[in-house]
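Visitor: To start, I am sharing the structure in question, which I have written as structure tokens.
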Amino acid sequence: MVTQEQRKRQLAREKFLRQQQRRTEARRKARVRNSVIASVLGVVVIGSLALYTTGVLKNDDKSDASSQASPSASAPSKAPDPCEKAAKGSVEKLSWKKEPAMTIDESAKYTMKLATTCGEIDIALKASAAPHTVNSFDFLAGKGYFDHTKCHRLTTNGIYVLQCGDPTGSGSGGPGYTIPDENLKDKSLKNNVYPAGTVAMANTGQKHTGGSQFFLVYQDSQLPPSYTPFGTVSASGMKVLKKIAAAGESTGAGDGAPNATVVIDRATVTKS
């Protein structure tokens, strides 16, 4: 038979274990919030500037990017969707074992056009500074890889980016190959700030792990120079990004799926 004293000790142990579990869970949630986009992409997490500067835009190999932030109990009401219906069609399931052969002319000018449900976003690509990245996007766009894909993540707190390029929409998708980091000393990156209009690669947090996920910066964002900057959004494209950002994200915590239904109906890369 258990004595009263033994029972008290047992209850004390159980209370201690519950406290430890709550503390462990709190630490786990904090770690989740501190990692973001991402790809992965993707992405990958929330609350303050300090949290975002430790490895934010990652491809998430384990979970949906929008599930990494705990919904706020007082989340604001969802803003109206400012975007149109997506074009008919479905995402192609495409994958390759290795990076495509280099075919671009590094001395030429290239532009990527994202025809989205929210408007067209034109991006001037930096072929000479990030040739592997631009070559990969030229290849993937030519294969229809991005067509009908959703932009799966919007961050509105600490950093300000829209993340796209994952055909699965989960934050963990990619083309099957990786490309090297490039252009990390771009003159536009001053004081660890990615200026508004920058288009850069998401990664896993490790070197040379870029795939197909990328993010578009709609407001100056402080980040470590670990994400390949490979393009600049046009003035008209920035208006589209601002419209998407104004609609907010789904969690109310600053990082989740955009409330706007952002679908890339078609992506094209042209040489001029």
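How things are named: the first chain in the structure tokens is A, the next is B, and so on; residues count from 1 in each chain; ligands count from 1 in the order shown.
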Which residues come within 7 Å of range 136-142 of chain A, counting only C-alpha atoms, excluding same-chain residues fewer than 6 positions away, as a list of chain:residue names?

Guide: A:Pro100, A:Ala267, A:Thr268, A:Val269

Visitor: Could you tell me, as an MDAnalysis selection string, which residues of range 83-272 of chain A DSSP assigns to strand (DSSP E or B) when given the backbone?

Guide: chainID A and resid 110:116 119:125 149:150 153:157 159:164 179 190 193:194 198:201 203 210 214:217 221:222 229:233 249 255:256 258 263:271

Visitor: Can you measure CA of Glu249 in chain A to CA of Asn191 in chain A for me? One decimal in Å is fine.

Guide: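 Result for CA of Glu249 in chain A versus CA of Asn191 in chain A: 27.6 Å, one decimal.
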
Visitor: Out of A:Thr149, A:Ser90, A:Thr232, A:Ser188, which residue has the shortest atom-to-atom distance to Gln213 in chain A when counting only C-alpha atoms?

Guide: A:Thr149

Visitor: Have a look at A:Thr198, A:Ser170, A:Thr261, A:Asn192 and name the one nearest to Glu84 in chain A; count only C-alpha atoms.

Guide: A:Thr261

Visitor: Using only C-alpha atoms, pick whichever of A:Gly144, A:Gly173, A:Pro180, A:Pro225 has the shortest atom-to-atom distance to Ile264 in chain A.

Guide: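 Between A:Gly144, A:Gly173, A:Pro180, A:Pro225, the residue approaching Ile264 in chain A most closely is A:Gly144.
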